[in-house]
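A.B. asks: Have a peek at start_27.cif (mmCIF, C-alpha atoms, pLDDT in the B column; chains and numbers go by the auth columns).
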data_structure
loop_
_atom_site.group_PDB
_atom_site.id
_atom_site.type_symbol
_atom_site.label_atom_id
_atom_site.label_comp_id
_atom_site.label_asym_id
_atom_site.label_seq_id
_atom_site.Cartn_x
_atom_site.Cartn_y
_atom_site.Cartn_z
_atom_site.B_iso_or_equiv
_atom_site.auth_seq_id
_atom_site.auth_asym_id
ATOM 1 C CA MET A 1 -17.890 -38.802 3.436 53.00 1 A
ATOM 2 C CA LYS A 2 -16.466 -35.586 2.064 52.00 2 A
ATOM 3 C CA ARG A 3 -13.461 -34.325 3.932 54.00 3 A
ATOM 4 C CA ASN A 4 -13.265 -30.646 4.854 52.00 4 A
ATOM 5 C CA THR A 5 -10.021 -29.076 3.803 50.00 5 A
ATOM 6 C CA LEU A 6 -8.817 -25.705 4.892 49.00 6 A
ATOM 7 C CA THR A 7 -7.184 -23.531 2.332 47.00 7 A
ATOM 8 C CA ARG A 8 -4.190 -21.476 3.314 48.00 8 A
ATOM 9 C CA PRO A 9 -4.486 -17.731 2.813 48.00 9 A
ATOM 10 C CA ALA A 10 -2.527 -16.305 -0.074 53.00 10 A
ATOM 11 C CA ARG A 11 0.892 -15.097 0.952 55.00 11 A
ATOM 12 C CA SER A 12 2.049 -11.570 0.301 57.00 12 A
ATOM 13 C CA ALA A 13 4.883 -10.900 -2.117 59.00 13 A
ATOM 14 C CA ALA A 14 7.153 -10.228 0.871 58.00 14 A
ATOM 15 C CA ALA A 15 6.258 -13.571 2.445 58.00 15 A
ATOM 16 C CA GLU A 16 6.815 -15.388 -0.854 60.00 16 A
ATOM 17 C CA ASN A 17 10.201 -13.730 -1.317 56.00 17 A
ATOM 18 C CA ALA A 18 11.135 -14.549 2.263 55.00 18 A
ATOM 19 C CA ALA A 19 10.147 -18.189 1.825 55.00 19 A
ATOM 20 C CA VAL A 20 12.331 -18.463 -1.267 58.00 20 A
ATOM 21 C CA SER A 21 15.291 -16.588 0.209 62.00 21 A
ATOM 22 C CA GLY A 22 14.999 -18.048 3.710 67.00 22 A
ATOM 23 C CA GLY A 23 14.599 -14.555 5.206 68.00 23 A
ATOM 24 C CA PRO A 24 11.952 -13.200 7.562 71.00 24 A
ATOM 25 C CA ALA A 25 8.336 -12.975 6.372 78.00 25 A
ATOM 26 C CA TRP A 26 7.791 -9.418 7.600 86.00 26 A
ATOM 27 C CA THR A 27 8.607 -5.926 6.390 90.00 27 A
ATOM 28 C CA PHE A 28 9.148 -2.582 8.103 92.00 28 A
ATOM 29 C CA LEU A 29 6.329 -0.804 6.289 94.00 29 A
ATOM 30 C CA THR A 30 2.615 -1.577 6.391 95.00 30 A
ATOM 31 C CA ASN A 31 0.442 -2.290 3.371 96.00 31 A
ATOM 32 C CA HIS A 32 -1.007 1.211 3.812 97.00 32 A
ATOM 33 C CA ALA A 33 2.484 2.689 3.391 97.00 33 A
ATOM 34 C CA HIS A 34 3.184 0.464 0.379 97.00 34 A
ATOM 35 C CA VAL A 35 -0.089 1.449 -1.317 98.00 35 A
ATOM 36 C CA LEU A 36 0.476 5.143 -0.606 98.00 36 A
ATOM 37 C CA LEU A 37 4.034 4.896 -1.953 97.00 37 A
ATOM 38 C CA CYS A 38 2.846 3.277 -5.210 98.00 38 A
ATOM 39 C CA ILE A 39 0.254 6.014 -5.678 98.00 39 A
ATOM 40 C CA TYR A 40 2.761 8.738 -4.798 97.00 40 A
ATOM 41 C CA ARG A 41 5.139 7.455 -7.466 96.00 41 A
ATOM 42 C CA ASP A 42 2.390 7.223 -10.113 96.00 42 A
ATOM 43 C CA SER A 43 -0.783 9.243 -9.481 95.00 43 A
ATOM 44 C CA GLY A 44 -2.626 7.509 -12.330 94.00 44 A
ATOM 45 C CA ILE A 45 -1.722 3.937 -11.404 96.00 45 A
ATOM 46 C CA ARG A 46 -4.486 1.334 -11.591 96.00 46 A
ATOM 47 C CA LEU A 47 -5.376 -0.410 -8.349 97.00 47 A
ATOM 48 C CA ARG A 48 -4.826 -3.774 -10.021 97.00 48 A
ATOM 49 C CA GLU A 49 -1.195 -2.821 -10.584 98.00 49 A
ATOM 50 C CA VAL A 50 -0.847 -1.562 -7.005 98.00 50 A
ATOM 51 C CA ALA A 51 -2.131 -4.930 -5.785 98.00 51 A
ATOM 52 C CA GLN A 52 0.451 -6.768 -7.882 97.00 52 A
ATOM 53 C CA ARG A 53 3.316 -4.573 -6.695 96.00 53 A
ATOM 54 C CA VAL A 54 2.366 -4.749 -3.024 96.00 54 A
ATOM 55 C CA GLY A 55 1.433 -8.423 -3.112 94.00 55 A
ATOM 56 C CA ILE A 56 -2.118 -8.112 -1.802 96.00 56 A
ATOM 57 C CA THR A 57 -5.557 -8.467 -3.366 97.00 57 A
ATOM 58 C CA GLU A 58 -7.162 -5.723 -5.415 97.00 58 A
ATOM 59 C CA ARG A 59 -10.045 -5.690 -2.935 98.00 59 A
ATOM 60 C CA MET A 60 -7.612 -5.007 -0.080 98.00 60 A
ATOM 61 C CA VAL A 61 -6.048 -2.155 -2.097 98.00 61 A
ATOM 62 C CA GLN A 62 -9.533 -0.692 -2.629 97.00 62 A
ATOM 63 C CA LYS A 63 -10.161 -0.853 1.131 98.00 63 A
ATOM 64 C CA ILE A 64 -6.811 0.771 1.927 98.00 64 A
ATOM 65 C CA VAL A 65 -7.369 3.544 -0.651 98.00 65 A
ATOM 66 C CA ALA A 66 -10.820 4.212 0.831 98.00 66 A
ATOM 67 C CA GLU A 67 -9.317 4.427 4.340 98.00 67 A
ATOM 68 C CA LEU A 68 -6.517 6.732 3.174 98.00 68 A
ATOM 69 C CA ALA A 69 -9.039 8.953 1.368 97.00 69 A
ATOM 70 C CA GLU A 70 -11.379 9.019 4.381 97.00 70 A
ATOM 71 C CA ALA A 71 -8.473 10.016 6.635 97.00 71 A
ATOM 72 C CA GLY A 72 -7.541 12.800 4.205 97.00 72 A
ATOM 73 C CA TYR A 73 -4.214 11.370 2.995 98.00 73 A
ATOM 74 C CA LEU A 74 -5.509 10.885 -0.567 97.00 74 A
ATOM 75 C CA ALA A 75 -7.691 13.004 -2.792 97.00 75 A
ATOM 76 C CA VAL A 76 -9.365 10.978 -5.537 95.00 76 A
ATOM 77 C CA GLU A 77 -10.439 12.613 -8.787 95.00 77 A
ATOM 78 C CA LYS A 78 -12.297 10.825 -11.557 92.00 78 A
ATOM 79 C CA GLU A 79 -10.783 11.233 -15.047 89.00 79 A
ATOM 80 C CA GLY A 80 -13.045 9.502 -17.530 91.00 80 A
ATOM 81 C CA ARG A 81 -13.062 5.845 -16.558 89.00 81 A
ATOM 82 C CA CYS A 82 -9.916 6.152 -14.465 91.00 82 A
ATOM 83 C CA ASN A 83 -9.041 7.724 -11.131 94.00 83 A
ATOM 84 C CA ARG A 84 -6.198 10.120 -10.460 96.00 84 A
ATOM 85 C CA TYR A 85 -4.873 10.372 -6.940 97.00 85 A
ATOM 86 C CA GLU A 86 -3.204 13.207 -5.083 97.00 86 A
ATOM 87 C CA VAL A 87 -1.291 12.503 -1.883 97.00 87 A
ATOM 88 C CA GLN A 88 -1.752 15.142 0.789 97.00 88 A
ATOM 89 C CA ARG A 89 1.935 15.455 1.636 97.00 89 A
ATOM 90 C CA ASP A 90 1.591 17.845 4.581 97.00 90 A
ATOM 91 C CA LEU A 91 -0.470 15.551 6.790 97.00 91 A
ATOM 92 C CA ARG A 92 1.337 14.066 9.753 97.00 92 A
ATOM 93 C CA LEU A 93 2.082 10.391 10.241 96.00 93 A
ATOM 94 C CA ARG A 94 -0.461 8.842 12.572 94.00 94 A
ATOM 95 C CA HIS A 95 1.545 7.037 15.248 95.00 95 A
ATOM 96 C CA PRO A 96 2.738 9.129 18.223 96.00 96 A
ATOM 97 C CA LEU A 97 6.352 8.007 17.684 96.00 97 A
ATOM 98 C CA GLU A 98 6.510 9.632 14.243 94.00 98 A
ATOM 99 C CA SER A 99 3.670 12.159 14.362 96.00 99 A
ATOM 100 C CA GLN A 100 6.120 15.078 14.206 97.00 100 A
ATOM 101 C CA HIS A 101 6.886 14.114 10.571 97.00 101 A
ATOM 102 C CA ALA A 102 4.781 14.756 7.475 97.00 102 A
ATOM 103 C CA VAL A 103 3.886 11.816 5.238 97.00 103 A
ATOM 104 C CA GLY A 104 5.544 13.615 2.302 96.00 104 A
ATOM 105 C CA ARG A 105 8.970 13.371 3.958 96.00 105 A
ATOM 106 C CA LEU A 106 8.657 9.600 4.263 95.00 106 A
ATOM 107 C CA LEU A 107 7.469 9.228 0.679 97.00 107 A
ATOM 108 C CA ASP A 108 10.273 11.447 -0.611 96.00 108 A
ATOM 109 C CA LEU A 109 12.840 9.396 1.282 95.00 109 A
ATOM 110 C CA LEU A 110 11.485 6.108 -0.069 95.00 110 A
ATOM 111 C CA SER A 111 11.274 7.455 -3.622 93.00 111 A
ATOM 112 C CA ARG A 112 14.862 8.673 -3.850 87.00 112 A
ATOM 113 C CA ASP A 113 17.332 6.753 -5.962 77.00 113 A
ATOM 114 C CA SER A 114 20.178 5.374 -3.895 54.00 114 A
#
Is it possible to give me this structure as structure tokens?
C.D. replies:
Amino acid sequence: MKRNTLTRPARSAAAENAAVSGGPAWTFLTNHAHVLLCIYRDSGIRLREVAQRVGITERMVQKIVAELAEAGYLAVEKEGRCNRYEVQRDLRLRHPLESQHAVGRLLDLLSRDS
């Protein structure tokens, strides 16, 4: 009789780092924020590289990019075989607690060198 085994879902980079360091397995920013930040820093980045940096699958990055584009936060322009992205900096953050701030302010803050 063949035994059914459940596979554990792949852990994010943050969860892997937390497991190694003994720290918490959560972060303050969502995957949407991480993806948007990667694209903001490099408008020609490949989604495969975004997935590696964020620690999620390429398919999940594609879904997030589609959601961000549908909501108006990203403009996607085809350049040959590649895409170039433009973040719409003036749009407001979506949650009522931070909706008075534009997404560009958050991205600028997270992109500054300390």
A.B. asks: Convert the output of the PyMOL selection byres ((chain A and resi 59-69) around 10) on the shown file into explicit residues, formatted as a PDB file with C-alpha atoms, keeping the file's coordinate frame.
C.D. replies:
ATOM      1  CA  ASN A  31       0.442  -2.290   3.371  1.00 96.00           C
ATOM      2  CA  HIS A  32      -1.007   1.211   3.812  1.00 97.00           C
ATOM      3  CA  ALA A  33       2.484   2.689   3.391  1.00 97.00           C
ATOM      4  CA  HIS A  34       3.184   0.464   0.379  1.00 97.00           C
ATOM      5  CA  VAL A  35      -0.089   1.449  -1.317  1.00 98.00           C
ATOM      6  CA  LEU A  36       0.476   5.143  -0.606  1.00 98.00           C
ATOM      7  CA  ILE A  39       0.254   6.014  -5.678  1.00 98.00           C
ATOM      8  CA  LEU A  47      -5.376  -0.410  -8.349  1.00 97.00           C
ATOM      9  CA  ARG A  48      -4.826  -3.774 -10.021  1.00 97.00           C
ATOM     10  CA  GLU A  49      -1.195  -2.821 -10.584  1.00 98.00           C
ATOM     11  CA  VAL A  50      -0.847  -1.562  -7.005  1.00 98.00           C
ATOM     12  CA  ALA A  51      -2.131  -4.930  -5.785  1.00 98.00           C
ATOM     13  CA  GLN A  52       0.451  -6.768  -7.882  1.00 97.00           C
ATOM     14  CA  VAL A  54       2.366  -4.749  -3.024  1.00 96.00           C
ATOM     15  CA  GLY A  55       1.433  -8.423  -3.112  1.00 94.00           C
ATOM     16  CA  ILE A  56      -2.118  -8.112  -1.802  1.00 96.00           C
ATOM     17  CA  THR A  57      -5.557  -8.467  -3.366  1.00 97.00           C
ATOM     18  CA  GLU A  58      -7.162  -5.723  -5.415  1.00 97.00           C
ATOM     19  CA  GLU A  70     -11.379   9.019   4.381  1.00 97.00           C
ATOM     20  CA  ALA A  71      -8.473  10.016   6.635  1.00 97.00           C
ATOM     21  CA  GLY A  72      -7.541  12.800   4.205  1.00 97.00           C
ATOM     22  CA  TYR A  73      -4.214  11.370   2.995  1.00 98.00           C
ATOM     23  CA  LEU A  74      -5.509  10.885  -0.567  1.00 97.00           C
ATOM     24  CA  ALA A  75      -7.691  13.004  -2.792  1.00 97.00           C
ATOM     25  CA  VAL A  76      -9.365  10.978  -5.537  1.00 95.00           C
ATOM     26  CA  TYR A  85      -4.873  10.372  -6.940  1.00 97.00           C
ATOM     27  CA  GLU A  86      -3.204  13.207  -5.083  1.00 97.00           C
ATOM     28  CA  VAL A  87      -1.291  12.503  -1.883  1.00 97.00           C
ATOM     29  CA  GLN A  88      -1.752  15.142   0.789  1.00 97.00           C
TER      30      GLN A  88
END
A.B. asks: Have a look at CA of Tyr40 in chain A and CA of Leu107 in chain A and let me know their distance in Å, one decimal.
C.D. replies: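 Value for the CA of Tyr40 in chain A-CA of Leu107 in chain A distance: 7.2 Å.
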A.B. asks: At what distance in Å, to one decimal, does CA of Val103 in chain A lie from CA of Arg46 in chain A?
C.D. replies: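 Value for the CA of Arg46 in chain A-CA of Val103 in chain A distance: 21.5 Å.
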A.B. asks: With distances taken over all atoms listed in the file, which of A:Leu109, A:Cys38, A:Leu29, A:Ile45 is nearest to Asn83 in chain A?
C.D. replies: A:Ile45
A.B. asks: Take CA of Arg89 in chain A and CA of Ala102 in chain A and report the distance between them in Å, one decimal.
C.D. replies: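 According to the coordinates, CA of Arg89 in chain A and CA of Ala102 in chain A are separated by 6.5 Å.
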A.B. asks: May I ask which of the residues A:His101, A:Arg53, A:Arg112, A:Asp42 is the closest one to Arg84 in chain A, counting all atoms listed in the file?
C.D. replies: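 Closest to Arg84 in chain A, using all atoms listed in the file: A:Asp42.
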A.B. asks: Calculated over all atoms listed in the file, which of the candidates A:Pro24, A:Gly44, A:Leu37, A:Gly80 has the smallest distance to Arg105 in chain A?
C.D. replies: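 Looking at the shortest contact to Arg105 in chain A, the residue is A:Leu37.
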